[in-house]
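final.txt, holding compact mmCIF, C-alpha atoms:
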# COMPACT_ATOMS: atom_id res chain seq x y z
CA MET E 174 0.00 0.00 0.00
CA HIS E 175 3.01 2.25 -0.05
CA ILE E 176 2.62 4.98 -2.63
CA MET E 177 6.14 5.59 -3.86
CA GLU E 178 8.04 8.80 -3.18
CA GLY E 179 7.01 11.58 -5.55
CA PHE E 180 4.17 9.53 -7.06
CA LEU E 181 1.37 11.78 -5.84
CA PRO E 182 0.97 15.22 -7.42
CA PRO E 183 1.97 18.01 -4.99
CA ALA E 184 -1.64 19.10 -4.33
CA HIS E 185 -2.63 15.54 -3.35
CA ALA E 186 0.50 15.02 -1.28
CA LEU E 187 -0.16 18.22 0.63
CA GLY E 188 -3.86 17.50 1.00
CA TRP E 189 -3.36 14.02 2.48
CA SER E 190 -0.67 15.32 4.83
CA ALA E 191 -3.02 18.04 6.05
CA ALA E 192 -5.79 15.46 6.48
CA SER E 193 -3.53 13.14 8.52
CA LEU E 194 -1.98 15.77 10.79
CA PRO E 195 -4.93 16.22 13.19
CA PHE E 196 -5.10 12.43 13.61
CA VAL E 197 -1.41 12.35 14.59
CA ILE E 198 -2.02 14.92 17.33
CA TRP E 199 -5.17 13.09 18.46
CA GLY E 200 -3.24 9.80 18.47
CA LEU E 201 -0.31 11.12 20.49
CA ARG E 202 -2.65 12.64 23.07
CA SER E 203 -4.77 9.51 23.31
CA MET E 204 -1.69 7.32 23.72
CA GLN E 205 -0.26 9.56 26.44
CA ARG E 206 -3.59 9.58 28.27
CA SER E 207 -4.06 5.83 28.20
CA VAL E 208 -0.49 5.15 29.37
CA GLN E 209 -0.89 7.63 32.24
CA ALA E 210 -4.28 6.28 33.24
CA GLN E 211 -3.29 2.60 32.99
CA PRO E 212 0.49 2.17 33.16
CA GLU E 213 0.00 -1.61 33.40
CA GLN E 214 -1.16 -1.57 29.77
CA ARG E 215 2.28 -0.54 28.50
CA MET E 216 3.27 -4.15 27.82
CA LEU E 217 0.25 -4.81 25.64
CA LEU E 218 0.74 -1.49 23.85
CA GLY E 219 4.33 -2.53 23.17
CA VAL E 220 3.16 -5.88 21.83
CA SER E 221 0.65 -4.13 19.54
CA ALA E 222 3.38 -1.86 18.17
CA ALA E 223 5.72 -4.83 17.73
CA PHE E 224 2.98 -6.74 15.88
CA ALA E 225 2.59 -3.85 13.42
CA PHE E 226 6.38 -3.69 12.99
CA LEU E 227 6.62 -7.40 12.32
CA LEU E 228 3.66 -7.79 9.99
CA SER E 229 4.36 -4.73 7.86
CA ALA E 230 7.88 -6.01 7.19
CA LEU E 231 6.65 -9.32 5.79
CA LYS E 232 6.01 -9.30 2.07
CA LEU E 233 3.89 -12.31 1.34
CA PRO E 234 3.04 -13.94 -1.99
CA SER E 235 -0.56 -13.83 -3.13
CA VAL E 236 -2.79 -15.63 -5.63
CA THR E 237 -2.42 -12.77 -8.12
CA GLY E 238 1.24 -13.63 -8.61
CA SER E 239 2.48 -10.54 -6.81
CA CYS E 240 3.58 -9.76 -3.27
CA SER E 241 2.29 -7.38 -0.67
CA HIS E 242 2.32 -7.07 3.09
CA PRO E 243 -0.22 -7.06 5.92
CA THR E 244 -0.34 -4.00 8.18
CA GLY E 245 -0.79 -5.41 11.69
CA VAL E 246 -2.51 -2.28 12.99
CA GLY E 247 -5.91 -3.87 13.62
CA LEU E 248 -4.76 -5.53 16.86
CA GLY E 249 -3.82 -2.29 18.59
CA ALA E 250 -6.94 -0.54 17.30
CA MET E 251 -9.15 -3.15 18.97
CA LEU E 252 -7.20 -2.99 22.23
CA PHE E 253 -6.50 0.72 22.58
CA GLY E 254 -8.81 2.42 20.09
CA PRO E 255 -8.01 3.64 16.59
CA ALA E 256 -6.18 6.78 17.75
CA ALA E 257 -3.39 4.85 19.44
CA MET E 258 -2.32 3.23 16.17
CA VAL E 259 -1.73 6.52 14.31
CA PRO E 260 1.66 7.28 15.94
CA ILE E 261 2.70 3.62 15.68
CA ALA E 262 1.90 3.47 11.96
CA LEU E 263 3.74 6.78 11.55
CA VAL E 264 6.91 5.30 13.07
CA VAL E 265 6.70 2.23 10.80
CA LEU E 266 6.12 4.36 7.69
CA LEU E 267 8.91 6.79 8.59
CA PHE E 268 11.36 3.92 9.11
CA GLN E 269 10.49 2.51 5.68
CA ALA E 270 10.40 5.90 3.94
CA LEU E 271 13.72 7.14 5.31
CA LEU E 272 15.84 3.99 5.31
CA LEU E 273 14.25 1.72 2.73
CA ALA E 274 13.00 4.11 0.04
CA HIS E 275 9.71 2.23 0.52
CA GLY E 276 6.93 4.78 0.47
CA GLY E 277 8.20 8.32 0.90
CA LEU E 278 8.11 11.63 2.69
CA THR E 279 5.86 13.34 0.13
CA THR E 280 3.46 10.38 0.25
CA LEU E 281 3.74 9.91 4.01
CA GLY E 282 0.45 11.72 4.65
CA ALA E 283 -1.45 9.58 2.15
CA ASN E 284 0.14 6.33 3.34
CA LEU E 285 -0.51 7.24 6.97
CA PHE E 286 -4.12 7.98 6.10
CA SER E 287 -4.63 4.49 4.64
CA MET E 288 -2.55 2.40 7.06
CA GLY E 289 -2.71 4.45 10.27
CA ILE E 290 -6.18 5.98 10.12
CA VAL E 291 -8.63 4.18 7.79
CA GLY E 292 -7.42 0.65 8.61
CA PRO E 293 -7.52 1.05 12.41
CA LEU E 294 -10.87 2.90 12.28
CA VAL E 295 -12.43 0.09 10.25
CA SER E 296 -10.95 -2.60 12.54
CA TYR E 297 -12.22 -0.78 15.61
CA GLY E 298 -15.67 -0.21 14.10
CA VAL E 299 -16.06 -3.80 12.89
CA PHE E 300 -14.92 -5.16 16.26
CA ARG E 301 -17.37 -2.97 18.17
CA LEU E 302 -20.19 -3.90 15.84
CA ALA E 303 -19.39 -7.62 15.92
CA ARG E 304 -19.22 -7.63 19.73
CA GLY E 305 -22.43 -5.63 19.89
CA LEU E 306 -24.11 -8.23 17.72
CA GLY E 307 -22.95 -10.91 20.12
CA LEU E 308 -20.26 -12.52 17.96
CA GLY E 309 -17.63 -14.53 19.87
CA ARG E 310 -14.25 -13.01 20.59
CA SER E 311 -12.23 -14.89 17.99
CA GLY E 312 -14.74 -14.33 15.19
CA ALA E 313 -14.92 -10.63 15.96
CA VAL E 314 -11.13 -10.27 16.13
CA PHE E 315 -10.68 -12.16 12.87
CA GLY E 316 -13.27 -10.11 10.99
CA ALA E 317 -12.01 -6.82 12.35
CA ALA E 318 -8.33 -7.45 11.56
CA CYS E 319 -9.16 -8.87 8.13
CA LEU E 320 -11.47 -6.05 7.03
CA GLY E 321 -9.20 -3.35 8.47
CA ASP E 322 -6.32 -4.71 6.39
CA LEU E 323 -8.47 -4.73 3.24
CA ALA E 324 -9.75 -1.22 3.97
CA THR E 325 -6.19 0.09 4.03
CA TYR E 326 -5.54 -1.26 0.54
CA LEU E 327 -8.90 -0.05 -0.78
CA CYS E 328 -8.01 3.38 0.56
CA THR E 329 -4.68 3.31 -1.30
CA SER E 330 -6.54 2.33 -4.49
CA VAL E 331 -8.94 5.26 -4.07
CA GLN E 332 -6.06 7.65 -3.39
CA LEU E 333 -4.27 6.59 -6.58
CA ALA E 334 -7.46 6.54 -8.68
CA TRP E 335 -8.23 10.07 -7.51
CA ALA E 336 -4.76 11.29 -8.43
CA PHE E 337 -4.57 9.37 -11.72
CA PRO E 338 -8.04 9.05 -13.29
CA ASP E 339 -8.24 7.01 -16.46
CA PRO E 340 -8.22 9.32 -19.52
CA VAL E 341 -11.21 7.43 -20.94
CA GLY E 342 -13.08 5.79 -18.07
CA GLY E 343 -12.33 8.43 -15.44
CA MET E 344 -11.80 7.69 -11.75
CA ALA E 345 -14.03 4.59 -11.75
CA ALA E 346 -11.96 2.79 -14.39
CA SER E 347 -8.79 3.80 -12.62
CA LEU E 348 -10.13 2.55 -9.28
CA LEU E 349 -10.90 -0.80 -10.87
CA LYS E 350 -7.32 -0.99 -12.10
CA PHE E 351 -5.65 -0.06 -8.80
CA GLY E 352 -8.18 -2.14 -6.88
CA GLY E 353 -7.22 -5.12 -9.03
CA ILE E 354 -3.57 -4.59 -8.14
CA PHE E 355 -3.94 -3.87 -4.42
CA ALA E 356 -7.26 -5.11 -3.04
CA LEU E 357 -7.35 -8.43 -4.90
CA THR E 358 -3.76 -9.27 -3.96
CA GLN E 359 -4.57 -8.39 -0.38
CA ILE E 360 -7.46 -10.83 0.20
CA PRO E 361 -5.39 -13.90 1.23
CA LEU E 362 -2.99 -11.65 3.15
CA ALA E 363 -5.89 -10.12 5.03
CA VAL E 364 -7.07 -13.63 5.99
CA SER E 365 -3.55 -14.39 7.26
CA GLU E 366 -3.49 -11.17 9.25
CA GLY E 367 -6.89 -12.03 10.74
CA LEU E 368 -5.70 -15.49 11.82
CA LEU E 369 -2.44 -14.16 13.29
CA THR E 370 -4.32 -11.46 15.20
CA VAL E 371 -6.62 -14.13 16.66
CA LEU E 372 -3.50 -16.03 17.80
CA VAL E 373 -2.08 -13.00 19.60
CA VAL E 374 -5.40 -12.09 21.23
CA ASN E 375 -5.77 -15.72 22.39
CA ALA E 376 -2.34 -15.48 24.00
CA MET E 377 -3.26 -12.19 25.64
CA ALA E 378 -6.49 -13.69 26.98
CA ARG E 379 -4.49 -16.47 28.57
CA PHE E 380 -1.51 -14.53 29.90
CA ASN E 381 -2.87 -11.02 30.39
CA ALA E 382 -6.48 -11.65 31.36
CA ALA E 383 -6.40 -8.94 34.05
CA GLU E 384 -5.04 -6.28 31.67
CA LEU E 385 -7.51 -7.27 28.97
CA GLN E 386 -10.36 -6.80 31.44
CA GLY E 387 -9.20 -3.22 31.88
CA LEU E 388 -9.71 -2.46 28.17
CA PRO E 389 -13.11 -1.07 27.22
CA LEU E 390 -13.92 -3.35 24.27
CA PHE E 391 -12.85 -6.53 26.03
CA ALA E 392 -14.23 -5.90 29.50
CA ARG E 393 -17.96 -5.90 28.90
CA ARG E 394 -18.47 -9.50 28.05
CA GLY E 395 -15.65 -10.92 30.09
CA VAL E 396 -12.79 -12.74 28.44
CA GLN E 397 -12.41 -16.45 28.86
CA ALA E 398 -9.40 -18.17 27.42
CA MET G 171 0.73 -25.11 22.38
CA SER G 172 -2.90 -26.05 21.98
CA ARG G 173 -4.22 -27.86 18.93
CA ARG G 174 -6.16 -24.76 17.95
CA THR G 175 -3.00 -22.63 17.93
CA LEU G 176 -1.21 -25.17 15.75
CA MET G 177 -4.14 -25.31 13.32
CA LEU G 178 -4.18 -21.51 13.03
CA LEU G 179 -0.43 -21.43 12.36
CA ALA G 180 -0.75 -24.20 9.78
CA ALA G 181 -3.55 -22.28 8.04
CA VAL G 182 -1.37 -19.15 7.79
CA LEU G 183 1.51 -21.22 6.41
CA LEU G 184 -0.76 -22.82 3.80
CA ILE G 185 -2.29 -19.51 2.71
CA THR G 186 1.23 -18.13 2.27
CA ALA G 187 2.75 -21.12 0.51
CA LEU G 188 -0.11 -22.20 -1.77
CA PRO G 189 0.05 -19.19 -4.14
CA LEU G 190 3.67 -20.14 -4.89
CA CYS G 191 2.47 -23.51 -6.21
CA TRP G 192 -0.81 -22.39 -7.77
CA VAL G 193 0.28 -19.44 -9.83
CA ALA G 194 1.77 -20.79 -13.04
CA GLN G 195 5.21 -19.56 -13.95
CA PRO G 196 4.95 -17.20 -16.93
CA THR G 197 6.76 -18.27 -20.08
CA ASP G 198 7.93 -14.94 -21.51
CA ALA G 199 10.92 -13.24 -19.97
CA ALA G 200 9.29 -9.87 -19.21
CA ALA G 201 6.47 -11.42 -17.20
CA LEU G 202 8.91 -13.77 -15.50
CA ALA G 203 10.90 -10.81 -14.20
CA GLU G 204 7.76 -9.49 -12.48
CA HIS G 205 6.68 -12.88 -11.18
CA PHE G 206 5.79 -12.31 -7.48
CA GLY G 207 7.04 -8.76 -7.67
CA GLY G 208 5.70 -6.11 -5.33
CA ALA G 209 2.17 -4.77 -5.76
CA ASP G 210 3.62 -1.30 -5.15
CA ALA G 211 5.78 -1.61 -8.26
CA GLN G 212 2.76 -2.79 -10.27
CA ALA G 213 0.87 0.29 -9.16
CA GLN G 214 3.80 2.37 -10.36
CA GLN G 215 3.50 0.75 -13.80
CA ALA G 216 -0.24 1.39 -13.83
CA ILE G 217 0.47 5.07 -13.17
CA ALA G 218 2.89 5.10 -16.10
CA GLN G 219 0.09 3.73 -18.32
CA LEU G 220 -2.59 6.11 -17.06
CA ALA G 221 -0.44 9.24 -17.03
CA PRO G 222 2.53 8.62 -19.34
CA HIS G 223 3.81 12.17 -18.87
CA TYR G 224 3.79 12.13 -15.08
CA GLN G 225 7.22 12.77 -13.60
CA PRO G 226 7.85 11.96 -9.94
CA TRP G 227 8.73 15.33 -8.40
CA PHE G 228 10.67 14.08 -5.41
CA SER G 229 13.11 11.21 -4.99
CA PRO G 230 13.84 9.15 -1.89
CA VAL G 231 16.31 10.76 0.53
CA LEU G 232 18.18 7.54 1.02
CA GLU G 233 18.03 4.43 -1.12
CA PRO G 234 19.27 1.06 0.07
CA ALA G 235 22.58 0.40 -1.70
CA SER G 236 21.29 -2.93 -3.05
CA ASN G 237 18.49 -5.47 -2.72
CA GLU G 238 20.58 -7.22 -0.08
CA ILE G 239 20.73 -4.07 2.04
CA ALA G 240 16.99 -3.60 1.59
CA SER G 241 16.27 -7.13 2.79
CA LEU G 242 18.67 -6.55 5.70
CA LEU G 243 16.60 -3.56 6.80
CA PHE G 244 13.29 -5.40 6.34
CA ALA G 245 14.68 -8.29 8.36
CA LEU G 246 15.78 -5.83 11.03
CA GLN G 247 12.28 -4.38 11.20
CA ALA G 248 10.73 -7.84 11.50
CA ALA G 249 13.33 -8.88 14.08
CA LEU G 250 12.55 -5.86 16.25
CA GLY G 251 8.86 -6.72 16.21
CA ALA G 252 9.35 -10.45 16.71
CA GLY G 253 11.88 -9.79 19.48
CA VAL G 254 9.42 -7.78 21.55
CA ILE G 255 6.65 -10.35 21.00
CA GLY G 256 9.04 -13.17 21.94
CA PHE G 257 10.06 -11.32 25.10
CA TRP G 258 6.42 -10.89 26.09
CA LEU G 259 5.55 -14.55 25.38
CA GLY G 260 8.60 -15.84 27.24
CA LEU G 261 7.91 -13.61 30.21
CA SER G 262 4.26 -14.65 30.25
CA VAL G 263 4.98 -18.38 30.10
CA ALA G 264 7.61 -18.10 32.85
CA ARG G 265 5.26 -16.04 35.02
CA GLU G 266 2.44 -18.53 34.59
CA ARG G 267 4.77 -21.44 35.40
CA ALA G 268 6.12 -19.70 38.49
CA ALA G 269 2.61 -18.98 39.70
CA ARG G 270 1.68 -22.63 39.24
CA GLN G 271 4.79 -24.02 40.93
CA VAL G 272 4.93 -21.88 44.07
CA PRO G 273 1.91 -23.42 45.82
CA ALA G 274 3.02 -26.93 44.81
CA THR G 275 6.67 -26.84 45.98
CA ALA G 276 6.71 -24.37 48.86
CA PRO G 277 5.33 -25.62 52.19
CA ALA G 278 2.20 -23.85 53.31
CA SER G 279 4.00 -22.29 56.29
CA ASP G 280 6.42 -20.49 53.94
CA LEU G 281 3.55 -18.86 52.16
CA ALA G 282 1.85 -17.75 55.34
CA ARG G 283 5.01 -16.12 56.72
CA PRO G 284 5.44 -12.48 55.61
CA ALA G 285 8.31 -11.97 53.20
CA GLU G 286 11.58 -10.82 54.74
CA PRO G 287 12.74 -7.40 53.63
CA ALA G 288 15.57 -7.59 51.11
CA HIS G 289 17.50 -4.77 52.73
CA PRO G 290 17.18 -4.82 56.54
CA GLN G 291 16.99 -1.37 58.01
CA PRO G 292 19.94 -0.49 60.30
Target format structure tokens, applied to this file:
Amino acid sequence: MHIMEGFLPPAHALGWSAASLPFVIWGLRSMQRSVQAQPEQRMLLGVSAAFAFLLSALKLPSVTGSCSHPTGVGLGAMLFGPAAMVPIALVVLLFQALLLAHGGLTTLGANLFSMGIVGPLVSYGVFRLARGLGLGRSGAVFGAACLGDLATYLCTSVQLAWAFPDPVGGMAASLLKFGGIFALTQIPLAVSEGLLTVLVVNAMARFNAAELQGLPLFARRGVQA
Amino acid sequence: MSRRTLMLLAAVLLITALPLCWVAQPTDAAALAEHFGGADAQAQQAIAQLAPHYQPWFSPVLEPASNEIASLLFALQAALGAGVIGFWLGLSVARERAARQVPATAPASDLARPAEPAHPQP
């Protein structure tokens, strides 16, 4: 989902950066607040950040014959809310933009918007909805992580289609093209991310049951390993 | 590890490995070069088709000297993440084991006695 350095026209690059900036401030504040209020959650926050680091470094093969990577940000969004994942995604994207020439500084705003904002928001929303509808923990975690991952790649497709509309078919044709590259490739990867997230949440339920009870989306129903 | 955990891990492994067997190897050289290439690079090509005159207006500050260096840095990123997760899992397993063993090995009287201070006050 990394839009390469310089591959968004200046107006788009600036626009997405401006759109992401308030979320960064919101995320930093929210993270600070939750660590101050519940210092015992630092370990799980660290694990969530580590999970995003690990998963976004793994480029996996897909059925379309190309490779892409999961994002790993759904886990933290479910545990700590979508805001907490914005700074974590920013660190991952900065690392890759500065050292790896993967993504870039001019496209940082757009990439942060897809991976750090849209993905976590969708994961959080799906998880809340699924729990509200009475779905079991594992099913809800799987669906939320999976759909959040897909949402990130759909967002990237929309961003590129908006910047590069098809000369004949317009934005819709362009979206179909970028969607075919990103979203289709991502489906098996999103399933993998969902399964891995379930694994980590299972481990947390077993080893960190007390901490998990202190988190708003896990406390209501009670968590049984 | 429970059976469920193993099944989940096996499923992830299968989902990752199966595309490598399923997707037929292309016969012409150009397609072969892109076989299992990055989706990001494909998007770049799509941009070149849609807007042939588009010129990237900024280039990366630092580019990895080679593919080897790039994979070194990706491995470093994954290792950092996996290291923290491994630390947490190891700590958790040890903590759970310690909690289980204390009541079994220590006599009940030891548990009832208040712990001695590590640094006695003068």
Show me, as a PDB file with C-alpha atoms, in the coordinates of the input, every residue of chain E with an atom at most 7 Å from chain G, counting all atoms listed in the file.
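Once everything was written out, this is iface26.pdb:
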ATOM      1  CA  MET E 174       0.000   0.000   0.000  1.00  0.00           C
ATOM      2  CA  HIS E 175       3.010   2.250  -0.050  1.00  0.00           C
ATOM      3  CA  ILE E 176       2.620   4.980  -2.630  1.00  0.00           C
ATOM      4  CA  GLU E 178       8.040   8.800  -3.180  1.00  0.00           C
ATOM      5  CA  GLY E 179       7.010  11.580  -5.550  1.00  0.00           C
ATOM      6  CA  PHE E 180       4.170   9.530  -7.060  1.00  0.00           C
ATOM      7  CA  VAL E 220       3.160  -5.880  21.830  1.00  0.00           C
ATOM      8  CA  ALA E 223       5.720  -4.830  17.730  1.00  0.00           C
ATOM      9  CA  PHE E 224       2.980  -6.740  15.880  1.00  0.00           C
ATOM     10  CA  PHE E 226       6.380  -3.690  12.990  1.00  0.00           C
ATOM     11  CA  LEU E 227       6.620  -7.400  12.320  1.00  0.00           C
ATOM     12  CA  ALA E 230       7.880  -6.010   7.190  1.00  0.00           C
ATOM     13  CA  LEU E 233       3.890 -12.310   1.340  1.00  0.00           C
ATOM     14  CA  PRO E 234       3.040 -13.940  -1.990  1.00  0.00           C
ATOM     15  CA  SER E 235      -0.560 -13.830  -3.130  1.00  0.00           C
ATOM     16  CA  VAL E 236      -2.790 -15.630  -5.630  1.00  0.00           C
ATOM     17  CA  GLY E 238       1.240 -13.630  -8.610  1.00  0.00           C
ATOM     18  CA  SER E 239       2.480 -10.540  -6.810  1.00  0.00           C
ATOM     19  CA  CYS E 240       3.580  -9.760  -3.270  1.00  0.00           C
ATOM     20  CA  SER E 241       2.290  -7.380  -0.670  1.00  0.00           C
ATOM     21  CA  LEU E 271      13.720   7.140   5.310  1.00  0.00           C
ATOM     22  CA  LEU E 272      15.840   3.990   5.310  1.00  0.00           C
ATOM     23  CA  LEU E 273      14.250   1.720   2.730  1.00  0.00           C
ATOM     24  CA  ALA E 274      13.000   4.110   0.040  1.00  0.00           C
ATOM     25  CA  GLY E 277       8.200   8.320   0.900  1.00  0.00           C
ATOM     26  CA  PHE E 337      -4.570   9.370 -11.720  1.00  0.00           C
ATOM     27  CA  ASP E 339      -8.240   7.010 -16.460  1.00  0.00           C
ATOM     28  CA  PRO E 340      -8.220   9.320 -19.520  1.00  0.00           C
ATOM     29  CA  PHE E 351      -5.650  -0.060  -8.800  1.00  0.00           C
ATOM     30  CA  ILE E 354      -3.570  -4.590  -8.140  1.00  0.00           C
ATOM     31  CA  PHE E 355      -3.940  -3.870  -4.420  1.00  0.00           C
ATOM     32  CA  PRO E 361      -5.390 -13.900   1.230  1.00  0.00           C
ATOM     33  CA  SER E 365      -3.550 -14.390   7.260  1.00  0.00           C
ATOM     34  CA  LEU E 368      -5.700 -15.490  11.820  1.00  0.00           C
ATOM     35  CA  LEU E 372      -3.500 -16.030  17.800  1.00  0.00           C
ATOM     36  CA  PHE E 380      -1.510 -14.530  29.900  1.00  0.00           C
TER      37      PHE E 380
END
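Taking CA of Pro183 (chain E) as the reference point, CA of His275 (chain E) is found at 18.4 Å.
One distance worth recording is that between CA of Ser236 (chain G) and CA of Ala201 (chain G), which is 22.2 Å.
Separating CA of Pro293 (chain E) from CA of Gly321 (chain E) is a distance of 6.1 Å.
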Listed atoms of region 196-199 of chain G boxed along x, y and z, 4 Å each side, centre and edge lengths in Å, one decimal, as JSON:
{"center_x": 7.9, "center_y": -15.8, "center_z": -19.2, "size_x": 14.0, "size_y": 13.0, "size_z": 12.6}
Counting all atoms listed in the file, find the residues whose atoms lie at most 10 Å from (-4.7, 10.9, 13.7) (file coordinates) and write them out as a ChimeraX atom specification.
/E:192-203,255-260,263,285-286,289-291
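If you count all atoms listed in the file and ignore residues fewer than 4 places along the chain from region 298-305 of chain E, what sits within 9 Å of it is Met251, Pro255, Pro293, Leu294, Gly309, Arg310, Gly312, Ala313, Val314, Phe315, Gly316, Ala317, Ala318, Leu320, Gly321, Leu390 and Arg394 of chain E.
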Output region 187-205 of chain E as a PDB file, keeping the file's coordinate frame, making sure N, CA and C atoms are there.
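Everything below was put into part-v6.pdb:
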ATOM      1  N   LEU E 187       0.072  17.228  -0.414  1.00  0.00           N
ATOM      2  CA  LEU E 187      -0.160  18.220   0.630  1.00  0.00           C
ATOM      3  C   LEU E 187      -1.508  17.985   1.308  1.00  0.00           C
ATOM      4  N   GLY E 188      -2.514  17.706   0.477  1.00  0.00           N
ATOM      5  CA  GLY E 188      -3.860  17.500   1.000  1.00  0.00           C
ATOM      6  C   GLY E 188      -3.923  16.335   1.986  1.00  0.00           C
ATOM      7  N   TRP E 189      -3.313  15.189   1.608  1.00  0.00           N
ATOM      8  CA  TRP E 189      -3.360  14.020   2.480  1.00  0.00           C
ATOM      9  C   TRP E 189      -2.552  14.249   3.753  1.00  0.00           C
ATOM     10  N   SER E 190      -1.450  15.013   3.629  1.00  0.00           N
ATOM     11  CA  SER E 190      -0.670  15.320   4.830  1.00  0.00           C
ATOM     12  C   SER E 190      -1.493  16.174   5.785  1.00  0.00           C
ATOM     13  N   ALA E 191      -2.191  17.173   5.216  1.00  0.00           N
ATOM     14  CA  ALA E 191      -3.020  18.040   6.050  1.00  0.00           C
ATOM     15  C   ALA E 191      -4.149  17.243   6.692  1.00  0.00           C
ATOM     16  N   ALA E 192      -4.691  16.263   5.943  1.00  0.00           N
ATOM     17  CA  ALA E 192      -5.790  15.460   6.480  1.00  0.00           C
ATOM     18  C   ALA E 192      -5.297  14.554   7.607  1.00  0.00           C
ATOM     19  N   SER E 193      -4.043  14.092   7.515  1.00  0.00           N
ATOM     20  CA  SER E 193      -3.530  13.140   8.520  1.00  0.00           C
ATOM     21  C   SER E 193      -3.067  13.835   9.787  1.00  0.00           C
ATOM     22  N   LEU E 194      -2.611  15.088   9.653  1.00  0.00           N
ATOM     23  CA  LEU E 194      -1.980  15.770  10.790  1.00  0.00           C
ATOM     24  C   LEU E 194      -2.853  15.805  12.055  1.00  0.00           C
ATOM     25  N   PRO E 195      -4.135  16.192  11.958  1.00  0.00           N
ATOM     26  CA  PRO E 195      -4.930  16.220  13.190  1.00  0.00           C
ATOM     27  C   PRO E 195      -5.013  14.854  13.862  1.00  0.00           C
ATOM     28  N   PHE E 196      -5.023  13.782  13.045  1.00  0.00           N
ATOM     29  CA  PHE E 196      -5.100  12.430  13.610  1.00  0.00           C
ATOM     30  C   PHE E 196      -3.824  12.083  14.377  1.00  0.00           C
ATOM     31  N   VAL E 197      -2.677  12.604  13.888  1.00  0.00           N
ATOM     32  CA  VAL E 197      -1.410  12.350  14.590  1.00  0.00           C
ATOM     33  C   VAL E 197      -1.459  12.976  15.982  1.00  0.00           C
ATOM     34  N   ILE E 198      -1.942  14.232  16.037  1.00  0.00           N
ATOM     35  CA  ILE E 198      -2.020  14.920  17.330  1.00  0.00           C
ATOM     36  C   ILE E 198      -3.005  14.193  18.250  1.00  0.00           C
ATOM     37  N   TRP E 199      -4.162  13.837  17.698  1.00  0.00           N
ATOM     38  CA  TRP E 199      -5.170  13.090  18.460  1.00  0.00           C
ATOM     39  C   TRP E 199      -4.573  11.776  18.972  1.00  0.00           C
ATOM     40  N   GLY E 200      -3.827  11.088  18.105  1.00  0.00           N
ATOM     41  CA  GLY E 200      -3.240   9.800  18.470  1.00  0.00           C
ATOM     42  C   GLY E 200      -2.215   9.940  19.587  1.00  0.00           C
ATOM     43  N   LEU E 201      -1.339  10.936  19.463  1.00  0.00           N
ATOM     44  CA  LEU E 201      -0.310  11.120  20.490  1.00  0.00           C
ATOM     45  C   LEU E 201      -0.954  11.423  21.834  1.00  0.00           C
ATOM     46  N   ARG E 202      -1.966  12.296  21.828  1.00  0.00           N
ATOM     47  CA  ARG E 202      -2.650  12.640  23.070  1.00  0.00           C
ATOM     48  C   ARG E 202      -3.325  11.430  23.679  1.00  0.00           C
ATOM     49  N   SER E 203      -4.021  10.663  22.822  1.00  0.00           N
ATOM     50  CA  SER E 203      -4.770   9.510  23.310  1.00  0.00           C
ATOM     51  C   SER E 203      -3.820   8.470  23.906  1.00  0.00           C
ATOM     52  N   MET E 204      -2.656   8.304  23.249  1.00  0.00           N
ATOM     53  CA  MET E 204      -1.690   7.320  23.720  1.00  0.00           C
ATOM     54  C   MET E 204      -1.136   7.732  25.094  1.00  0.00           C
ATOM     55  N   GLN E 205      -0.798   9.022  25.190  1.00  0.00           N
ATOM     56  CA  GLN E 205      -0.260   9.560  26.440  1.00  0.00           C
ATOM     57  C   GLN E 205      -1.279   9.370  27.570  1.00  0.00           C
TER      58      GLN E 205
END
